[in-house]
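One file, data-v6.cif, carrying mmCIF, C-alpha atoms:
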```
data_structure
#
loop_
_atom_site.label_atom_id
_atom_site.label_comp_id
_atom_site.auth_asym_id
_atom_site.auth_seq_id
_atom_site.Cartn_x
_atom_site.Cartn_y
_atom_site.Cartn_z
CA MET A 1 -102.28 84.74 40.83
CA GLY A 2 -101.56 81.21 41.96
CA ALA A 3 -98.78 79.97 44.18
CA SER A 4 -96.78 78.48 41.28
CA LYS A 5 -96.73 81.55 39.06
CA VAL A 6 -93.49 83.26 38.03
CA VAL A 7 -92.61 86.82 39.05
CA ILE A 8 -89.55 88.67 37.75
CA VAL A 9 -88.13 91.57 39.79
CA VAL A 10 -85.71 93.74 37.80
CA SER A 11 -83.30 95.73 39.94
CA PRO A 12 -80.61 98.33 39.24
CA GLN A 13 -78.92 97.22 42.48
CA ALA A 14 -77.52 93.70 42.79
CA TRP A 15 -78.49 91.18 45.42
CA GLY A 16 -76.17 91.46 48.42
CA LYS A 17 -75.93 92.09 52.14
CA MET A 18 -77.82 95.38 52.16
CA PHE A 19 -81.49 95.42 51.16
CA ILE A 20 -83.57 98.29 49.84
CA SER A 21 -87.07 98.33 48.38
CA LYS A 22 -86.27 96.15 45.35
CA HIS A 23 -84.93 93.35 47.54
CA HIS A 24 -87.74 93.63 50.06
CA TYR A 25 -90.46 93.37 47.43
CA ALA A 26 -88.81 90.26 45.99
CA ILE A 27 -88.70 88.66 49.43
CA GLU A 28 -92.35 89.45 50.18
CA LEU A 29 -93.49 88.08 46.82
CA ALA A 30 -91.58 84.87 47.54
CA LYS A 31 -93.22 84.62 50.97
CA LEU A 32 -96.60 84.71 49.24
CA GLY A 33 -95.62 81.59 47.30
CA TYR A 34 -94.66 83.05 43.93
CA SER A 35 -91.59 81.73 42.16
CA VAL A 36 -89.48 84.90 42.16
CA PHE A 37 -86.44 85.63 40.00
CA PHE A 38 -84.43 88.70 41.06
CA ILE A 39 -82.49 89.97 38.03
CA ASN A 40 -79.22 91.70 38.86
CA PRO A 41 -77.97 94.52 36.62
CA PRO A 42 -75.97 93.09 33.71
CA LYS A 43 -72.22 92.68 33.75
CA GLU A 44 -70.34 93.83 30.67
CA LYS A 45 -68.30 91.59 28.40
CA LYS A 46 -66.21 92.27 25.35
CA ILE A 47 -68.06 91.86 22.06
CA GLY A 48 -68.32 88.29 20.90
CA GLY A 49 -69.92 85.12 22.22
CA LEU A 50 -73.30 84.45 23.78
CA PRO A 51 -74.41 86.07 27.02
CA LYS A 52 -73.92 84.05 30.19
CA VAL A 53 -76.99 83.60 32.37
CA ARG A 54 -76.57 82.02 35.80
CA ILE A 55 -79.29 81.40 38.37
CA HIS A 56 -78.42 81.11 42.08
CA GLU A 57 -80.44 80.08 45.09
CA THR A 58 -80.83 82.50 48.01
CA GLU A 59 -81.54 81.91 51.69
CA TYR A 60 -85.21 82.61 50.92
CA LYS A 61 -87.56 79.91 49.72
CA ASN A 62 -88.96 80.53 46.19
CA LEU A 63 -86.43 83.31 45.53
CA LYS A 64 -83.53 83.02 43.08
CA VAL A 65 -81.02 85.55 41.77
CA VAL A 66 -80.23 85.84 38.06
CA GLU A 67 -76.78 87.03 36.99
CA HIS A 68 -76.15 87.76 33.33
CA THR A 69 -73.33 89.02 31.16
CA LEU A 70 -73.98 91.11 28.06
CA PHE A 71 -72.85 89.92 24.65
CA PHE A 72 -72.42 93.53 23.48
CA SER A 73 -70.75 96.67 24.79
CA SER A 74 -72.55 99.24 26.94
CA TYR A 75 -71.00 101.78 24.58
CA PHE A 76 -74.13 101.43 22.45
CA LYS A 77 -76.40 102.58 25.29
CA PHE A 78 -74.82 106.03 25.33
CA HIS A 79 -73.80 106.46 21.69
CA LEU A 80 -76.16 104.27 19.62
CA PRO A 81 -79.29 103.94 21.77
CA PHE A 82 -81.46 102.58 18.94
CA LEU A 83 -79.03 99.66 18.54
CA HIS A 84 -78.86 99.14 22.29
CA HIS A 85 -82.67 98.81 22.46
CA LEU A 86 -82.56 96.07 19.84
CA LEU A 87 -79.70 94.17 21.46
CA ILE A 88 -81.11 94.38 24.99
CA VAL A 89 -84.33 92.71 23.81
CA ILE A 90 -82.19 89.84 22.47
CA GLN A 91 -80.39 89.75 25.82
CA ARG A 92 -83.75 89.56 27.59
CA GLY A 93 -84.66 86.59 25.40
CA PHE A 94 -81.68 84.60 26.68
CA ILE A 95 -82.78 85.29 30.26
CA LEU A 96 -86.39 84.26 29.59
CA ARG A 97 -85.21 80.98 28.06
CA LYS A 98 -83.72 80.12 31.45
CA ILE A 99 -86.64 81.39 33.53
CA GLY A 100 -89.66 80.73 31.37
CA THR A 101 -92.60 83.00 30.65
CA PRO A 102 -93.41 85.26 33.62
CA ASN A 103 -96.88 86.09 34.89
CA LEU A 104 -95.72 89.41 36.35
CA VAL A 105 -92.69 91.64 35.84
CA MET A 106 -91.95 94.26 38.49
CA SER A 107 -89.20 96.54 37.22
CA PHE A 108 -87.32 99.15 39.24
CA ASP A 109 -84.80 99.75 36.46
CA LEU A 110 -84.47 103.21 34.90
CA THR A 111 -81.90 102.14 32.32
CA ASN A 112 -84.10 99.80 30.24
CA ASN A 113 -81.94 96.74 30.89
CA PHE A 114 -85.08 94.56 30.79
CA PRO A 115 -87.61 96.17 28.41
CA LEU A 116 -91.29 95.71 29.21
CA THR A 117 -92.32 95.86 25.56
CA SER A 118 -93.74 92.75 23.83
CA LEU A 119 -94.10 90.83 27.09
CA ASN A 120 -97.39 88.98 27.35
CA CYS A 121 -97.89 89.38 31.09
CA LYS A 122 -98.78 91.96 33.73
CA LYS A 123 -96.13 94.64 34.13
CA ILE A 124 -95.48 97.07 36.99
CA PHE A 125 -92.89 99.81 36.62
CA PHE A 126 -91.83 101.02 40.06
CA ALA A 127 -90.25 104.48 39.77
CA ALA A 128 -88.43 104.42 43.09
CA ASP A 129 -85.80 106.92 41.91
CA GLU A 130 -86.19 110.17 40.01
CA PRO A 131 -85.45 109.99 36.25
CA ARG A 132 -82.62 112.39 35.45
CA ALA A 133 -82.77 112.20 31.64
CA GLU A 134 -85.48 111.78 28.99
CA GLN A 135 -84.01 108.42 28.05
CA ASN A 136 -84.97 107.08 31.49
CA PHE A 137 -88.69 107.39 30.75
CA ILE A 138 -88.50 104.72 28.04
CA SER A 139 -88.04 102.02 30.69
CA ALA A 140 -91.72 102.37 31.68
CA ARG A 141 -93.01 101.81 28.14
CA ASN A 142 -95.80 99.22 27.98
CA ALA A 143 -96.22 99.08 31.77
CA ASP A 144 -99.74 98.38 33.01
CA LEU A 145 -99.11 100.33 36.19
CA ILE A 146 -96.53 103.00 37.09
CA VAL A 147 -95.92 103.24 40.82
CA SER A 148 -93.85 105.57 42.96
CA VAL A 149 -93.36 106.61 46.57
CA SER A 150 -93.20 110.22 45.38
CA GLN A 151 -95.92 112.34 43.81
CA HIS A 152 -93.14 114.50 42.39
CA ILE A 153 -91.84 111.49 40.41
CA LEU A 154 -95.32 110.47 39.22
CA ASP A 155 -95.89 114.01 37.97
CA LEU A 156 -92.76 113.66 35.81
CA TYR A 157 -94.13 110.50 34.17
CA LYS A 158 -97.63 111.80 33.56
CA PRO A 159 -96.88 113.80 30.34
CA TYR A 160 -95.25 110.74 28.78
CA TYR A 161 -97.89 108.24 29.88
CA PRO A 162 -101.19 110.14 30.14
CA GLN A 163 -103.31 106.98 29.74
CA THR A 164 -101.36 104.70 32.06
CA ASP A 165 -102.51 104.20 35.63
CA LEU A 166 -100.19 106.14 37.97
CA PHE A 167 -100.30 105.10 41.61
CA LEU A 168 -98.76 106.71 44.71
CA ILE A 169 -97.78 104.30 47.47
CA ASN A 170 -95.62 104.67 50.54
CA HIS A 171 -92.40 102.81 51.18
CA GLY A 172 -92.77 99.39 52.78
CA LEU A 173 -91.92 97.99 56.20
CA SER A 174 -90.48 94.48 56.57
CA ASP A 175 -92.10 91.94 58.88
CA GLU A 176 -88.90 91.83 60.95
CA PHE A 177 -89.83 95.24 62.38
CA LEU A 178 -93.10 93.90 63.79
CA ASN A 179 -93.65 92.33 67.22
CA ILE A 180 -90.52 93.73 68.86
CA PRO A 181 -90.37 92.91 72.60
CA THR A 182 -91.16 95.99 74.68
CA ASP A 183 -89.47 94.74 77.87
CA SER A 184 -85.88 94.60 76.55
CA LEU A 185 -83.24 96.04 78.86
CA LYS A 186 -81.58 99.25 77.67
CA LYS A 187 -78.13 98.45 76.24
CA TYR A 188 -76.69 101.94 75.94
CA LYS A 189 -76.24 104.63 78.57
CA GLY A 190 -77.30 108.24 78.09
CA ILE A 191 -79.10 109.62 75.03
CA ASN A 192 -78.64 107.56 71.88
CA ILE A 193 -79.63 108.75 68.40
CA GLY A 194 -79.85 106.33 65.48
CA LEU A 195 -79.13 106.88 61.79
CA SER A 196 -79.42 104.22 59.09
CA GLY A 197 -78.80 103.78 55.39
CA ASN A 198 -75.89 104.07 52.99
CA PHE A 199 -73.42 106.51 54.53
CA LEU A 200 -71.41 106.90 51.34
CA PHE A 201 -74.24 108.48 49.43
CA ASN A 202 -74.42 111.88 47.79
CA ASP A 203 -77.86 112.61 49.30
CA ILE A 204 -76.43 113.13 52.79
CA ASP A 205 -75.92 116.70 53.98
CA TYR A 206 -72.50 115.99 55.46
CA PRO A 207 -71.63 119.54 56.63
CA ILE A 208 -74.83 119.88 58.69
CA LEU A 209 -74.57 116.33 60.00
CA LEU A 210 -70.98 116.90 61.14
CA GLN A 211 -71.96 120.14 62.90
CA ILE A 212 -74.81 118.45 64.77
CA ILE A 213 -72.49 115.66 65.93
CA GLU A 214 -69.73 118.01 67.07
CA GLU A 215 -72.14 120.39 68.84
CA ASN A 216 -73.72 117.55 70.84
CA PRO A 217 -70.74 115.66 72.33
CA LEU A 218 -72.82 114.12 75.13
CA ILE A 219 -75.14 112.36 72.70
CA LYS A 220 -74.16 109.03 71.15
CA PHE A 221 -74.83 108.77 67.40
CA HIS A 222 -75.26 105.20 66.15
CA PHE A 223 -74.79 104.56 62.41
CA PHE A 224 -76.46 101.42 61.04
CA GLY A 225 -75.67 100.56 57.43
CA ASN A 226 -73.02 100.68 54.75
CA HIS A 227 -69.96 102.92 55.17
CA SER A 228 -67.73 101.16 52.66
CA VAL A 229 -67.19 101.78 48.94
CA GLU A 230 -67.73 98.02 48.47
CA SER A 231 -71.51 97.78 48.50
CA ASN A 232 -74.18 96.01 46.46
CA ILE A 233 -76.32 99.17 46.43
CA GLY A 234 -73.56 101.48 45.23
CA ALA A 235 -71.51 104.16 46.94
CA ASP A 236 -70.33 107.67 46.17
CA SER A 237 -66.58 107.31 46.64
CA SER A 238 -65.76 110.95 45.89
CA GLN A 239 -62.96 112.33 48.03
CA ARG A 240 -65.33 114.91 49.51
CA ASN A 241 -67.67 112.25 50.90
CA ILE A 242 -64.84 110.04 52.13
CA ASP A 243 -63.25 113.01 53.91
CA TYR A 244 -66.51 113.95 55.64
CA LEU A 245 -67.14 110.36 56.68
CA THR A 246 -63.60 110.13 58.05
CA GLN A 247 -64.21 113.26 60.14
CA ILE A 248 -67.49 111.86 61.45
CA LYS A 249 -65.84 108.56 62.41
CA SER A 250 -63.13 110.43 64.33
CA ASN A 251 -65.71 111.75 66.81
CA PRO A 252 -65.77 109.69 70.02
CA ASN A 253 -69.57 110.01 70.25
CA CYS A 254 -70.09 108.14 66.95
CA VAL A 255 -70.52 104.36 66.73
CA PHE A 256 -70.60 102.54 63.38
CA HIS A 257 -72.38 99.17 63.50
CA GLY A 258 -72.15 98.28 59.80
CA VAL A 259 -74.79 96.37 57.84
CA LEU A 260 -77.04 94.28 60.09
CA GLY A 261 -79.68 91.69 59.34
CA LYS A 262 -83.20 93.09 59.32
CA ARG A 263 -84.29 91.61 62.66
CA GLU A 264 -81.02 92.60 64.33
CA LEU A 265 -81.43 96.12 62.93
CA ALA A 266 -85.01 96.30 64.20
CA LEU A 267 -83.90 95.30 67.71
CA GLU A 268 -81.07 97.86 67.66
CA LEU A 269 -83.33 100.68 66.45
CA ASN A 270 -85.66 99.97 69.36
CA GLN A 271 -82.72 100.59 71.70
CA MET A 272 -82.43 104.17 70.44
CA ASP A 273 -84.02 107.21 72.11
CA GLY A 274 -84.63 108.93 68.80
CA PHE A 275 -83.44 109.25 65.21
CA LEU A 276 -81.83 111.76 62.89
CA ILE A 277 -82.28 112.04 59.12
CA CYS A 278 -79.99 114.60 57.51
CA TYR A 279 -80.43 114.62 53.72
CA ASP A 280 -79.87 117.39 51.22
CA PRO A 281 -83.37 117.82 49.69
CA GLN A 282 -81.85 119.21 46.50
CA LYS A 283 -79.81 116.05 45.90
CA GLY A 284 -82.30 113.42 46.99
CA GLN A 285 -83.32 110.64 44.60
CA SER A 286 -86.90 111.89 44.73
CA SER A 287 -86.15 115.59 45.37
CA GLY A 288 -86.74 115.13 49.07
CA SER A 289 -90.17 113.51 48.66
CA ASN A 290 -89.81 110.39 50.78
CA SER A 291 -87.37 107.99 52.43
CA HIS A 292 -87.69 104.29 53.20
CA LYS A 293 -85.99 104.58 56.59
CA ILE A 294 -88.81 106.75 57.98
CA LEU A 295 -91.15 103.78 58.40
CA GLU A 296 -88.45 101.75 60.16
CA PHE A 297 -87.91 104.59 62.60
CA LEU A 298 -91.64 105.18 63.10
CA SER A 299 -92.11 101.49 63.90
CA THR A 300 -90.24 102.10 67.19
CA GLY A 301 -92.61 104.88 68.22
CA LYS A 302 -89.62 107.10 68.99
CA VAL A 303 -89.07 110.71 67.91
CA ILE A 304 -87.45 111.54 64.56
CA ILE A 305 -85.63 114.79 63.78
CA SER A 306 -85.51 115.11 60.01
CA SER A 307 -84.92 117.03 56.82
CA ASN A 308 -88.06 117.92 54.86
CA PHE A 309 -89.97 115.15 53.06
CA SER A 310 -93.02 116.32 51.14
CA PHE A 311 -94.82 112.96 51.54
CA TYR A 312 -95.14 113.68 55.27
CA GLU A 313 -95.99 117.39 55.12
CA GLY A 314 -99.10 118.13 57.16
CA THR A 315 -98.57 115.17 59.50
CA THR A 316 -97.43 115.33 63.13
CA LEU A 317 -95.60 112.02 63.11
CA PHE A 318 -92.12 113.50 63.54
CA GLU A 319 -90.11 116.72 63.85
CA MET A 320 -89.33 117.90 60.32
CA CYS A 321 -87.85 121.01 58.72
CA THR A 322 -90.63 123.08 57.16
CA GLU A 323 -88.60 124.11 54.11
CA LYS A 324 -86.48 122.43 51.44
CA SER A 325 -83.21 123.18 53.17
CA ASN A 326 -81.56 122.15 56.42
CA LYS A 327 -81.14 125.64 57.86
CA GLN A 328 -83.55 124.73 60.67
CA LEU A 329 -82.19 121.27 61.36
CA LYS A 330 -79.52 122.13 63.94
CA ASN A 331 -81.92 124.23 66.00
CA LEU A 332 -84.66 121.65 65.60
CA PHE A 333 -82.33 118.94 66.88
CA HIS A 334 -81.21 121.09 69.82
CA LYS A 335 -84.79 122.06 70.72
CA THR A 336 -86.02 118.48 70.49
CA PHE A 337 -83.12 117.13 72.52
CA HIS A 338 -83.70 119.57 75.37
CA SER A 339 -87.38 118.60 75.58
CA PHE A 340 -86.72 114.94 74.82
CA VAL A 341 -88.71 113.57 77.73
CA TYR A 342 -91.82 115.28 76.35
CA ARG A 343 -91.40 114.05 72.78
CA ASN A 344 -92.33 110.39 73.23
CA PRO A 345 -95.71 110.40 74.99
CA GLU A 346 -97.61 107.14 74.67
CA LYS A 347 -100.35 108.55 72.43
CA ILE A 348 -97.89 109.86 69.81
CA SER A 349 -95.80 106.70 70.08
CA ILE A 350 -98.85 104.54 69.30
CA GLU A 351 -99.78 106.76 66.34
CA ARG A 352 -96.28 106.39 64.88
CA LYS A 353 -96.31 102.61 65.25
CA TYR A 354 -99.82 102.30 63.79
CA PHE A 355 -98.85 104.36 60.75
CA ALA A 356 -95.74 102.23 60.14
CA PHE A 357 -97.53 98.90 60.60
CA LYS A 358 -100.17 99.85 58.01
CA ASN A 359 -97.43 100.13 55.40
CA THR A 360 -95.81 96.70 55.45
CA TYR A 361 -94.40 95.31 52.20
CA ALA A 362 -96.96 92.52 52.45
CA ASN A 363 -99.82 95.05 52.53
CA ASN A 364 -98.24 97.04 49.70
CA ILE A 365 -97.98 93.94 47.50
CA GLN A 366 -101.65 93.15 48.00
CA GLU A 367 -102.57 96.75 47.19
CA LEU A 368 -100.47 96.75 44.01
CA ILE A 369 -101.90 93.46 42.76
CA SER A 370 -105.42 94.68 43.48
CA ARG A 371 -104.71 97.92 41.61
CA LEU A 372 -103.17 96.01 38.71
CA ASN A 373 -106.27 93.86 38.33
CA CYS A 374 -108.71 96.81 38.43
CA GLN A 375 -107.15 99.27 35.99
CA ARG A 376 -108.68 101.10 33.06
CA PRO A 377 -107.80 100.24 29.42
CA LYS A 378 -104.56 101.75 28.12
CA GLN A 379 -104.02 103.82 24.99
CA ARG A 380 -100.87 104.42 22.98
CA HIS A 381 -98.03 105.88 25.06
CA GLN A 382 -96.46 109.23 24.23
CA LEU A 383 -92.73 108.70 24.51
CA PRO A 384 -89.75 111.00 24.10
#
```
Taking this structure as input, can you express it in the form of structure tokens?
Amino acid sequence: MGASKVVIVVSPQAWGKMFISKHHYAIELAKLGYSVFFINPPKEKKIGGLPKVRIHETEYKNLKVVEHTLFFSSYFKFHLPFLHHLLIVIQRGFILRKIGTPNLVMSFDLTNNFPLTSLNCKKIFFAADEPRAEQNFISARNADLIVSVSQHILDLYKPYYPQTDLFLINHGLSDEFLNIPTDSLKKYKGINIGLSGNFLFNDIDYPILLQIIEENPLIKFHFFGNHSVESNIGADSSQRNIDYLTQIKSNPNCVFHGVLGKRELALELNQMDGFLICYDPQKGQSSGSNSHKILEFLSTGKVIISSNFSFYEGTTLFEMCTEKSNKQLKNLFHKTFHSFVYRNPEKISIERKYFAFKNTYANNIQELISRLNCQRPKQRHQLP
């Protein structure tokens, strides 16, 4: 692919302050010189009139955001799906008139808001999240390559797309987490444990997390990321989650830093003594297979105390529950804390950093493009 070629990234989460994999891949593609258009999920409009398509610049060179308003109701998606499929292709046509013909489409969208069918270009479907209904599998139709960070998710797609190339890849690490100064003065006294992500998210095991915080009052817990219902990546605003988060915030040993820029976040994470990941494996987007924050934590070389993630089973990179529940997590945290000085030897720290640095978004992009250009011929898809 040349430097002037057009890449479309289709995302179920809008462009905003907080970035996850969809945003990071768009940024890395733009850094490589591609003309990247990041397509936000559609906004709904009452029936009548043409769809509005607006293109905005971002702070990144070669990267623009596309906002679009539907000319039909989302009612059809749930009640007349055959009609929705027809209308969404028309909607896609209005977008392509503004952008032009792409050379590559990289879609993360499970809801078929930008169908891959009848597009004369290379197409990657990135199954970052687990499909929860048969209808979700249609979004990958006509993809040249189906990618996921979870073997569990790929196994779900295999019966529907037996002749399509399925590729397992790890999450990516942004360049901002590389080349962190090692001589920075320590900002925080005592033992400091970092957590990052969207803290209004149903994946979090709030009861266990609250217990760990309350049973370790001498440890400072630093929360980096969204803790507001107003978020570009979504939030679970159920009363249960809000109540738990309110209880966590009331603890004097908890500090909420909010959403930081990537470099600022990287510097803050390197100030931590270790990290905690407390997810409910039964509720995770990939059934507890993987998490993007692991690489960011590993890039510091520090210890991680974590729920179970099957992608990392068999490794010795961090302290992880051995079963798909968090029954062990409190004891694992306590045990690790009391032997903390022994948990960050230089050899293990170097191994953690090396593993993280091998999995940058830039490296992942090169691997995906190479895989895309060396695939076997496809046959007809078997769809639900």
Next item on the list: Quote the spacing between CA of Asn62 (chain A) and CA of Asn103 (chain A) in Å to one decimal place.
Entry: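 For CA of Asn62 (chain A) relative to CA of Asn103 (chain A), the distance reads 14.9 Å.
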Next item on the list: Can you work out the spacing between CA of Ser310 (chain A) and CA of Phe275 (chain A) in Å, to one decimal?
Entry: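 Computing it gives 18.4 Å between the two atoms.
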Assuming 5 Å of padding per side, give the centre and edge lengths of the axis-aligned box around every listed atom of region 158-163 of chain A, in Å to one decimal and as AutoDock Vina command-line options.
```
--center_x -99.3 --center_y 110.4 --center_z 31.2 --size_x 18.1 --size_y 16.8 --size_z 14.8
```
Notebook entry, point to check: What does the PyMOL selection byres ((chain A and resi 194-210) around 7) select in this file, as a PyMOL selection string?
Noted result: chain A and resi 192-193+211-214+221-228+235-237+241+244+248+269+272+274-280+283-284
Store the residues picked out above in a file with C-alpha atoms, as a short mmCIF file (atom, residue, chain, number, x, y, z; two decimals), in the coordinates of the input.
```
data_model
loop_
_atom_site.label_atom_id
_atom_site.label_comp_id
_atom_site.auth_asym_id
_atom_site.auth_seq_id
_atom_site.Cartn_x
_atom_site.Cartn_y
_atom_site.Cartn_z
CA ASN A 192 -78.64 107.56 71.88
CA ILE A 193 -79.63 108.75 68.40
CA GLN A 211 -71.96 120.14 62.90
CA ILE A 212 -74.81 118.45 64.77
CA ILE A 213 -72.49 115.66 65.93
CA GLU A 214 -69.73 118.01 67.07
CA PHE A 221 -74.83 108.77 67.40
CA HIS A 222 -75.26 105.20 66.15
CA PHE A 223 -74.79 104.56 62.41
CA PHE A 224 -76.46 101.42 61.04
CA GLY A 225 -75.67 100.56 57.43
CA ASN A 226 -73.02 100.68 54.75
CA HIS A 227 -69.96 102.92 55.17
CA SER A 228 -67.73 101.16 52.66
CA ALA A 235 -71.51 104.16 46.94
CA ASP A 236 -70.33 107.67 46.17
CA SER A 237 -66.58 107.31 46.64
CA ASN A 241 -67.67 112.25 50.90
CA TYR A 244 -66.51 113.95 55.64
CA ILE A 248 -67.49 111.86 61.45
CA LEU A 269 -83.33 100.68 66.45
CA MET A 272 -82.43 104.17 70.44
CA GLY A 274 -84.63 108.93 68.80
CA PHE A 275 -83.44 109.25 65.21
CA LEU A 276 -81.83 111.76 62.89
CA ILE A 277 -82.28 112.04 59.12
CA CYS A 278 -79.99 114.60 57.51
CA TYR A 279 -80.43 114.62 53.72
CA ASP A 280 -79.87 117.39 51.22
CA LYS A 283 -79.81 116.05 45.90
CA GLY A 284 -82.30 113.42 46.99
#
```
Next item on the list: Between CA of Asp273 (chain A) and CA of Glu323 (chain A), measure the distance and give it in Å to one decimal.
Entry: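 These atoms are spaced 25.1 Å apart.
The nearest approach to Tyr60 (chain A) among the residues A:Val9, A:Ala30, A:Ile305, A:Leu168, with only C-alpha atoms taken into account, belongs to A:Ala30.
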Item checked: Selected residue of minimal separation from Gln282 (chain A) among A:Ser118, A:Asn270, A:Asn364, A:Asn308, counting all atoms listed in the file ->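 Using all atoms listed in the file, Gln282 (chain A) sits closest to A:Asn308.
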Check: With only C-alpha atoms as the basis for distance, which of A:Leu295, A:Leu110, A:Leu332, A:Val65 is at the shortest distance from Ala356 (chain A)?
Finding: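 Counting only C-alpha atoms, the residue closest to Ala356 (chain A) is A:Leu295.
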Could you state which residues are captured by the PyMOL selection byres ((chain A and resi 89-91) around 9) in this file, as a tab-separated table (two decimals) with C-alpha atoms, in the frame of the given file?
```tsv
chain	number	residue	atom	x	y	z
A	51	PRO	CA	-74.41	86.07	27.02
A	68	HIS	CA	-76.15	87.76	33.33
A	69	THR	CA	-73.33	89.02	31.16
A	70	LEU	CA	-73.98	91.11	28.06
A	71	PHE	CA	-72.85	89.92	24.65
A	84	HIS	CA	-78.86	99.14	22.29
A	85	HIS	CA	-82.67	98.81	22.46
A	86	LEU	CA	-82.56	96.07	19.84
A	87	LEU	CA	-79.70	94.17	21.46
A	88	ILE	CA	-81.11	94.38	24.99
A	92	ARG	CA	-83.75	89.56	27.59
A	93	GLY	CA	-84.66	86.59	25.40
A	94	PHE	CA	-81.68	84.60	26.68
A	95	ILE	CA	-82.78	85.29	30.26
A	96	LEU	CA	-86.39	84.26	29.59
A	113	ASN	CA	-81.94	96.74	30.89
A	114	PHE	CA	-85.08	94.56	30.79
A	115	PRO	CA	-87.61	96.17	28.41
A	117	THR	CA	-92.32	95.86	25.56
```
Next item on the list: Kindly resolve the PyMOL selection byres ((chain A and resi 351) around 12) on the present coordinates and return the residues as a PyMOL selection string.
Entry: chain A and resi 298-303+315-318+344-350+352-358
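With only C-alpha atoms as the atoms that count, the residue of A:Ser11, A:Asn359, A:Ser325, A:Gln151 with the shortest distance to Leu178 (chain A) is A:Asn359.
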Check: Which of these residues is nearest to Cys254 (chain A), using only C-alpha atoms: A:Ile146, A:Ala362, A:Leu218, A:Leu166?
Finding: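 Between A:Ile146, A:Ala362, A:Leu218, A:Leu166, the residue approaching Cys254 (chain A) most closely is A:Leu218.
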Next item on the list: Considering only C-alpha atoms, return as a list in words whatever protein or nucleic-acid residues lie within 12 Å of Ile153 (chain A), sequence-local ones (same chain, fewer than 6 positions apart) excluded.
Entry: Phe126, Ala127, Ala128, Asp129, Glu130, Pro131, Arg132, Phe137, Ile146, Val147, Pro159, Leu166, Phe167, Leu168, Ile169, Gly284, Gln285, Ser286, Ser287, Gly288, Ser289, Asn290, Ser310 and Phe311 of chain A
Note to self: I need the residue nearest Ile138 (chain A) from this list: A:Leu116, A:Ala14, A:Leu368, A:Leu329. Use all atoms listed in the file for the distance.
What the structure shows: A:Leu116
